[in-house]
$ cat final_12.txt   # compact mmCIF, C-alpha atoms and all ligand atoms
# COMPACT_ATOMS: atom_id res chain seq x y z
CA MET A 1 -4.80 10.91 8.84
CA LYS A 2 -5.27 7.15 8.80
CA LEU A 3 -2.45 4.64 8.99
CA GLY A 4 -2.30 1.36 7.09
CA VAL A 5 0.48 -0.90 8.34
CA ASN A 6 2.12 -3.15 5.80
CA ILE A 7 3.23 -6.37 7.53
CA ASP A 8 4.91 -8.06 4.55
CA HIS A 9 8.26 -8.03 6.30
CA VAL A 10 6.94 -9.93 9.29
CA ALA A 11 6.29 -12.69 6.75
CA THR A 12 9.75 -12.11 5.21
CA LEU A 13 11.31 -12.88 8.58
CA ARG A 14 9.16 -15.97 9.04
CA GLN A 15 10.08 -17.25 5.56
CA ALA A 16 13.76 -17.01 6.52
CA ARG A 17 13.27 -20.20 8.55
CA GLY A 18 10.08 -21.54 7.00
CA GLY A 19 8.26 -22.11 10.29
CA PHE A 20 5.46 -20.21 12.01
CA GLU A 21 7.30 -17.41 13.82
CA PRO A 22 6.86 -14.50 13.80
CA ASP A 23 3.13 -14.99 13.36
CA VAL A 24 1.50 -12.51 10.97
CA VAL A 25 -1.84 -12.65 12.80
CA ARG A 26 -0.20 -11.68 16.07
CA ALA A 27 1.57 -8.83 14.27
CA ALA A 28 -1.67 -7.63 12.67
CA LYS A 29 -3.49 -7.70 16.01
CA THR A 30 -0.65 -5.79 17.67
CA CYS A 31 -0.89 -3.09 14.97
CA GLU A 32 -4.65 -2.94 15.48
CA ARG A 33 -4.20 -2.53 19.24
CA ALA A 34 -1.69 0.26 18.63
CA GLY A 35 -4.20 2.22 16.54
CA ALA A 36 -3.58 1.13 12.93
CA ASN A 37 -6.61 1.72 10.74
CA SER A 38 -5.86 -1.07 8.30
CA ILE A 39 -3.47 -3.92 7.62
CA VAL A 40 -1.76 -4.05 4.24
CA MET A 41 -0.39 -7.27 2.73
CA HIS A 42 1.09 -7.79 -0.74
CA LEU A 43 0.57 -11.21 -2.24
CA ARG A 44 3.39 -11.44 -4.74
CA GLU A 45 3.30 -13.88 -7.63
CA ASP A 46 6.51 -15.49 -6.35
CA ARG A 47 5.08 -15.69 -2.79
CA ARG A 48 8.39 -14.42 -1.41
CA HIS A 49 6.82 -13.26 1.86
CA VAL A 50 3.03 -13.33 2.32
CA GLN A 51 1.40 -16.72 1.59
CA ASP A 52 -2.22 -17.26 0.53
CA ARG A 53 -3.23 -18.64 3.90
CA ASP A 54 -1.77 -15.65 5.76
CA LEU A 55 -4.35 -13.42 4.13
CA PHE A 56 -7.29 -15.60 5.17
CA ARG A 57 -5.98 -15.92 8.73
CA VAL A 58 -5.33 -12.18 9.09
CA LYS A 59 -8.71 -11.26 7.61
CA ASN A 60 -10.42 -13.50 10.17
CA GLY A 61 -8.22 -12.30 13.02
CA ILE A 62 -8.67 -8.52 12.80
CA ALA A 63 -11.55 -6.09 13.14
CA ILE A 64 -9.89 -3.33 11.08
CA ARG A 65 -9.73 -3.29 7.28
CA LEU A 66 -7.51 -5.58 5.22
CA ASN A 67 -5.99 -3.95 2.15
CA MET A 68 -4.55 -6.55 -0.22
CA GLU A 69 -1.89 -5.32 -2.62
CA MET A 70 -1.41 -7.24 -5.81
CA SER A 71 -0.65 -7.24 -9.52
CA ILE A 72 -3.29 -8.14 -12.07
CA ALA A 73 -1.78 -11.61 -12.57
CA PRO A 74 -4.68 -14.11 -12.86
CA SER A 75 -3.30 -16.46 -10.17
CA VAL A 76 -3.28 -13.66 -7.60
CA VAL A 77 -6.58 -12.13 -8.68
CA LYS A 78 -8.15 -15.57 -8.14
CA VAL A 79 -7.02 -15.61 -4.49
CA ALA A 80 -8.28 -12.06 -3.94
CA LYS A 81 -11.72 -12.96 -5.31
CA GLU A 82 -11.95 -15.82 -2.88
CA LEU A 83 -10.67 -13.72 0.02
CA ARG A 84 -12.81 -10.62 -0.64
CA PRO A 85 -10.72 -8.22 1.48
CA HIS A 86 -12.11 -4.79 2.30
CA GLN A 87 -9.82 -3.25 -0.31
CA VAL A 88 -7.51 -4.27 -3.14
CA THR A 89 -4.67 -2.07 -4.34
CA PHE A 90 -3.28 -2.84 -7.77
CA VAL A 91 0.48 -2.37 -8.04
CA PRO A 92 3.04 -3.13 -10.77
CA GLU A 93 5.20 -6.13 -10.06
CA LYS A 94 8.53 -7.18 -11.46
CA ARG A 95 10.08 -10.51 -10.57
CA ARG A 96 13.56 -9.18 -9.94
CA GLU A 97 12.71 -6.04 -7.97
CA ARG A 98 13.32 -5.91 -4.24
CA THR A 99 10.19 -3.87 -3.65
CA THR A 100 7.59 -2.04 -5.74
CA GLU A 101 9.67 0.42 -7.72
CA SER A 102 7.13 2.74 -9.32
CA GLY A 103 3.46 3.41 -9.80
CA LEU A 104 1.30 1.42 -12.16
CA ASP A 105 1.05 2.72 -15.72
CA LEU A 106 -2.72 2.79 -16.06
CA VAL A 107 -2.57 3.75 -19.72
CA SER A 108 -0.68 0.72 -20.97
CA HIS A 109 -2.59 -1.71 -18.73
CA GLU A 110 -5.99 -0.16 -19.37
CA PRO A 111 -8.02 -3.06 -20.83
CA ARG A 112 -6.95 -5.61 -18.18
CA LEU A 113 -7.25 -3.10 -15.37
CA HIS A 114 -10.69 -2.08 -16.48
CA ARG A 115 -11.86 -5.66 -16.16
CA ALA A 116 -10.15 -6.16 -12.81
CA VAL A 117 -11.51 -2.92 -11.31
CA SER A 118 -15.07 -3.74 -12.30
CA GLU A 119 -14.83 -7.36 -11.11
CA PHE A 120 -13.84 -6.21 -7.61
CA LYS A 121 -16.28 -3.32 -7.48
CA GLU A 122 -19.07 -5.77 -8.35
CA ARG A 123 -17.98 -7.75 -5.29
CA ARG A 124 -18.16 -4.57 -3.18
CA VAL A 125 -14.42 -4.47 -2.65
CA VAL A 126 -12.90 -0.96 -2.56
CA VAL A 127 -10.40 -0.56 -5.42
CA SER A 128 -7.28 1.57 -5.21
CA LEU A 129 -4.60 2.06 -7.87
CA PHE A 130 -0.97 2.70 -6.94
CA ILE A 131 0.30 5.45 -9.25
CA ASP A 132 2.98 8.08 -9.59
CA ALA A 133 1.80 11.64 -8.96
CA ASP A 134 1.21 12.24 -12.65
CA LEU A 135 -1.99 14.03 -13.64
CA ARG A 136 -2.58 11.77 -16.66
CA GLN A 137 -2.53 8.74 -14.40
CA VAL A 138 -4.96 10.37 -11.98
CA GLU A 139 -7.34 11.12 -14.83
CA LYS A 140 -7.07 7.55 -16.07
CA ALA A 141 -7.84 6.25 -12.55
CA MET A 142 -11.06 8.23 -12.63
CA GLU A 143 -11.93 6.88 -16.10
CA LEU A 144 -11.29 3.35 -14.82
CA GLU A 145 -13.79 4.11 -12.02
CA ALA A 146 -11.39 3.29 -9.21
CA ASP A 147 -12.46 4.40 -5.73
CA ALA A 148 -9.04 5.60 -4.68
CA VAL A 149 -5.48 6.22 -5.78
CA GLU A 150 -2.38 5.64 -3.72
CA PHE A 151 0.45 7.99 -4.65
CA HIS A 152 3.91 6.47 -4.80
CA THR A 153 6.10 8.41 -2.37
CA GLY A 154 9.27 6.42 -3.12
CA THR A 155 10.74 9.13 -5.38
CA TYR A 156 10.11 11.73 -2.66
CA ALA A 157 11.66 9.43 -0.04
CA ASN A 158 14.79 8.97 -2.17
CA ALA A 159 15.08 12.62 -3.21
CA LYS A 160 18.31 14.37 -2.14
CA GLY A 161 18.65 18.05 -1.38
CA ARG A 162 16.04 20.69 -0.64
CA GLN A 163 15.23 21.50 -4.26
CA GLU A 164 14.60 17.93 -5.32
CA ILE A 165 12.55 17.22 -2.19
CA SER A 166 10.35 20.28 -2.61
CA LYS A 167 9.82 19.45 -6.30
CA GLU A 168 8.57 15.98 -5.33
CA LEU A 169 6.35 17.40 -2.60
CA GLN A 170 4.85 19.85 -5.06
CA ARG A 171 4.13 17.01 -7.50
CA LEU A 172 2.41 15.04 -4.73
CA ARG A 173 0.36 18.07 -3.60
CA ARG A 174 -0.80 18.69 -7.16
CA GLY A 175 -1.67 15.02 -7.63
CA VAL A 176 -3.69 14.86 -4.41
CA LEU A 177 -5.57 18.04 -5.24
CA PHE A 178 -6.45 16.78 -8.72
CA ALA A 179 -7.53 13.37 -7.40
CA ARG A 180 -9.84 15.04 -4.87
CA GLU A 181 -11.29 17.28 -7.60
CA LEU A 182 -12.09 14.16 -9.63
CA GLY A 183 -13.79 12.54 -6.63
CA LEU A 184 -11.07 9.99 -5.87
CA THR A 185 -9.92 9.18 -2.35
CA ALA A 186 -6.18 9.92 -2.02
CA HIS A 187 -3.75 7.67 -0.19
CA ALA A 188 0.06 7.61 -0.29
CA GLY A 189 2.90 5.33 0.64
CA HIS A 190 6.30 3.78 0.04
CA GLY A 191 9.58 4.59 1.70
CA LEU A 192 8.01 6.68 4.48
CA ASP A 193 9.57 6.85 7.93
CA THR A 194 9.31 8.98 11.08
CA HIS A 195 11.42 11.74 9.47
CA ASN A 196 10.16 12.11 5.93
CA VAL A 197 6.50 11.51 6.86
CA ARG A 198 6.24 14.93 8.52
CA GLU A 199 5.95 16.86 5.23
CA ILE A 200 3.57 14.27 3.77
CA VAL A 201 1.20 14.64 6.73
CA ARG A 202 0.85 18.32 5.84
CA ILE A 203 -0.59 17.58 2.38
CA LYS A 204 -4.24 18.54 2.46
CA GLY A 205 -6.68 15.96 1.13
CA LEU A 206 -4.60 12.86 1.85
CA GLU A 207 -6.62 10.35 3.82
CA GLU A 208 -4.34 7.43 4.51
CA LEU A 209 -0.65 6.52 4.50
CA ASN A 210 0.55 2.95 4.02
CA ILE A 211 3.82 2.25 5.76
CA GLY A 212 5.74 -1.00 6.19
CA TYR A 213 9.49 -1.35 6.13
CA SER A 214 10.45 1.52 8.45
CA LEU A 215 7.88 0.39 11.04
CA ILE A 216 9.14 -3.18 11.06
CA VAL A 217 12.74 -1.95 11.36
CA ARG A 218 11.78 0.42 14.19
CA SER A 219 9.95 -2.40 15.94
CA LEU A 220 13.32 -4.14 16.48
CA TRP A 221 14.31 -1.31 18.81
CA VAL A 222 11.03 -0.26 20.44
CA GLY A 223 8.60 -3.11 19.75
CA LEU A 224 5.87 -3.19 17.09
CA GLU A 225 3.16 -1.70 19.27
CA ASN A 226 5.31 1.33 20.17
CA ALA A 227 6.51 1.77 16.59
CA VAL A 228 2.92 1.94 15.33
CA LYS A 229 1.88 4.25 18.19
CA GLU A 230 4.77 6.63 17.40
CA MET A 231 3.76 6.77 13.74
CA LYS A 232 0.09 7.23 14.62
CA ALA A 233 1.04 10.20 16.83
CA LEU A 234 2.90 11.80 13.90
CA LEU A 235 -0.12 11.33 11.66
CA LYS A 236 -2.32 13.23 14.07
N1 LIG B 301 2.20 1.07 -0.63
C1 LIG B 301 2.45 0.20 -1.63
C2 LIG B 301 1.52 0.18 -2.80
C3 LIG B 301 3.53 -0.70 -1.57
O1 LIG B 301 3.76 -1.55 -2.58
C4 LIG B 301 4.35 -0.69 -0.42
C5 LIG B 301 5.47 -1.69 -0.30
O2 LIG B 301 4.97 -2.98 -0.30
C6 LIG B 301 4.05 0.22 0.60
C7 LIG B 301 2.99 1.10 0.47
C8 LIG B 301 4.88 0.29 1.84
O3 LIG B 301 6.17 0.71 1.51
P1 LIG B 301 7.30 0.62 2.62
O4 LIG B 301 7.44 -0.80 2.99
O5 LIG B 301 8.50 1.19 1.92
O6 LIG B 301 6.84 1.50 3.76
$ encode --input "final_12.txt" --output "structure tokens"
Amino acid sequence: MKLGVNIDHVATLRQARGGFEPDVVRAAKTCERAGANSIVMHLREDRRHVQDRDLFRVKNGIAIRLNMEMSIAPSVVKVAKELRPHQVTFVPEKRRERTTESGLDLVSHEPRLHRAVSEFKERRVVVSLFIDADLRQVEKAMELEADAVEFHTGTYANAKGRQEISKELQRLRRGVLFARELGLTAHAGHGLDTHNVREIVRIKGLEELNIGYSLIVRSLWVGLENAVKEMKALLK
């Protein structure tokens, strides 16, 4: 299974002092060296961590894929069109949230998403939609002609007790199976760490996991390269 490393929180740390350290390009290259298959960066409308120029610098500095996460806000879409990353992942975004809290509701955003998906596909950018493991959403992703879906694993990661955890796993398994049946590539991410990732790795049909926070936290104790290598080993 492939690993996308989200380096938003390297930028969070840099923004704490407003200078240049820690450098996001150095972080991205370190992840690449450790075996990451892609680098994930979320350009938020409020620019709380990643800045526009970080994306251009990282894209030019790495040989692996750059997956840009974003909302469908015009100011952010404009940057993505200029950048032309390998992949864009559309996510919902709320100003006051600490992190992405749920999957995108493809039904209520359909007209705008339809336009955005086709604009990026025309530019040969792979398009993924971040959704909850809900079969209606998977079906809508297919209708919108997305290339991939990324299943939100945050509810699974926060689930307490065996029953709740296995219910969430079952929902994810069903979602992945349905996505594959409809010809969509299946990714997953959010809230994953070295413990809870073990059950996710067992889900057949999942191609890539996108992991950020727990890797950056772990890197404080073992270094970023080792943290990514550890996670890569679990994904094998
Ligand atoms: N996938 C998506 C779509 C996300 O929005 C995020 C968080 O930015 C992640 C994966 C990574 O989540 P975490 O930082 O909790 O590992």
$ residues_around --input "final_12.txt" --residues "Val107 in chain A" --least-positions-apart "5" --cutoff "9 Å" --atoms "only C-alpha atoms" --output "VMD selection string"
chain A and resid 136 to 137 140
$ write_last_selection --input "final_12.txt" --atoms "C-alpha atoms" --output "mmCIF file, keeping the file's coordinate frame"
data_model
loop_
_atom_site.group_PDB
_atom_site.id
_atom_site.type_symbol
_atom_site.label_atom_id
_atom_site.label_comp_id
_atom_site.auth_asym_id
_atom_site.auth_seq_id
_atom_site.Cartn_x
_atom_site.Cartn_y
_atom_site.Cartn_z
ATOM 1 C CA ARG A 136 -2.580 11.770 -16.660
ATOM 2 C CA GLN A 137 -2.530 8.740 -14.400
ATOM 3 C CA LYS A 140 -7.070 7.550 -16.070
#
$ axis_aligned_box --input "final_12.txt" --around "ligand LIG 301 (chain B)" --padding-each-side "6 Å" --output "JSON"
{"center_x": 5.0, "center_y": -0.7, "center_z": 0.5, "size_x": 19.0, "size_y": 16.5, "size_z": 18.6}
$ closest_residue --input "final_12.txt" --among "A:Glu208, A:Glu230, A:Glu199, A:Asp8" --to "Val149 in chain A" --atoms "all atoms listed in the file"
A:Glu208
$ residues_near_ligand --input "final_12.txt" --ligand "ligand LIG 301 (chain B)" --cutoff "6 Å" --atoms "all atoms listed in the file" --output "mmCIF file with C-alpha atoms, in the coordinates of the input"
data_model
loop_
_atom_site.group_PDB
_atom_site.id
_atom_site.type_symbol
_atom_site.label_atom_id
_atom_site.label_comp_id
_atom_site.auth_asym_id
_atom_site.auth_seq_id
_atom_site.Cartn_x
_atom_site.Cartn_y
_atom_site.Cartn_z
ATOM 1 C CA ASN A 6 2.120 -3.150 5.800
ATOM 2 C CA VAL A 91 0.480 -2.370 -8.040
ATOM 3 C CA THR A 100 7.590 -2.040 -5.740
ATOM 4 C CA PHE A 130 -0.970 2.700 -6.940
ATOM 5 C CA GLY A 189 2.900 5.330 0.640
ATOM 6 C CA HIS A 190 6.300 3.780 0.040
ATOM 7 C CA GLY A 191 9.580 4.590 1.700
ATOM 8 C CA LEU A 192 8.010 6.680 4.480
ATOM 9 C CA ASN A 210 0.550 2.950 4.020
ATOM 10 C CA ILE A 211 3.820 2.250 5.760
ATOM 11 C CA GLY A 212 5.740 -1.000 6.190
ATOM 12 C CA TYR A 213 9.490 -1.350 6.130
ATOM 13 C CA SER A 214 10.450 1.520 8.450
#
$ closest_residue --input "final_12.txt" --among "A:Glu69, A:Asp147, A:Asp52, A:Asp134" --to "Phe90 in chain A" --atoms "all atoms listed in the file"
A:Glu69
$ residues_around --input "final_12.txt" --residues "Thr89 in chain A" --least-positions-apart "6" --cutoff "10 Å" --atoms "all atoms listed in the file" --output "list in words"
Val40, Met41, His42, Asn67, Met68, Glu69, Met70, Ser71, Ile72, Val117, Val126, Val127, Ser128, Leu129, Phe130, Ala146, Ala148, Val149 and Glu150 of chain A
$ residues_around --input "final_12.txt" --residues "Ser38 in chain A" --least-positions-apart "5" --cutoff "6 Å" --atoms "all atoms listed in the file" --output "PDB file with C-alpha atoms, keeping the file's coordinate frame"
ATOM      1  CA  GLY A   4      -2.300   1.360   7.090  1.00  0.00           C
ATOM      2  CA  ILE A  64      -9.890  -3.330  11.080  1.00  0.00           C
ATOM      3  CA  ARG A  65      -9.730  -3.290   7.280  1.00  0.00           C
ATOM      4  CA  LEU A  66      -7.510  -5.580   5.220  1.00  0.00           C
TER       5      LEU A  66
END
$ atom_distance --input "final_12.txt" --atom1 "CA of Leu182 in chain A" --atom2 "CA of Leu106 in chain A"
16.1 Å
$ closest_residue --input "final_12.txt" --among "A:Arg180, A:Ser166, A:Lys29, A:Leu209" --to "Phe151 in chain A" --atoms "all atoms listed in the file"
A:Leu209
$ residues_around --input "final_12.txt" --residues "Gly205 in chain A" --least-positions-apart "2" --cutoff "7 Å" --atoms "all atoms listed in the file" --output "PyMOL selection string"
chain A and resi 176-177+180+186+203+207
$ residues_around --input "final_12.txt" --residues "Ala27 in chain A" --least-positions-apart "3" --cutoff "9 Å" --atoms "only C-alpha atoms" --output "JSON, numbers by chain"
{"A": [7, 10, 22, 23, 24, 30, 31, 32, 224, 225]}
$ atom_distance --input "final_12.txt" --atom1 "CA of His109 in chain A" --atom2 "CA of Ala80 in chain A"
18.9 Å
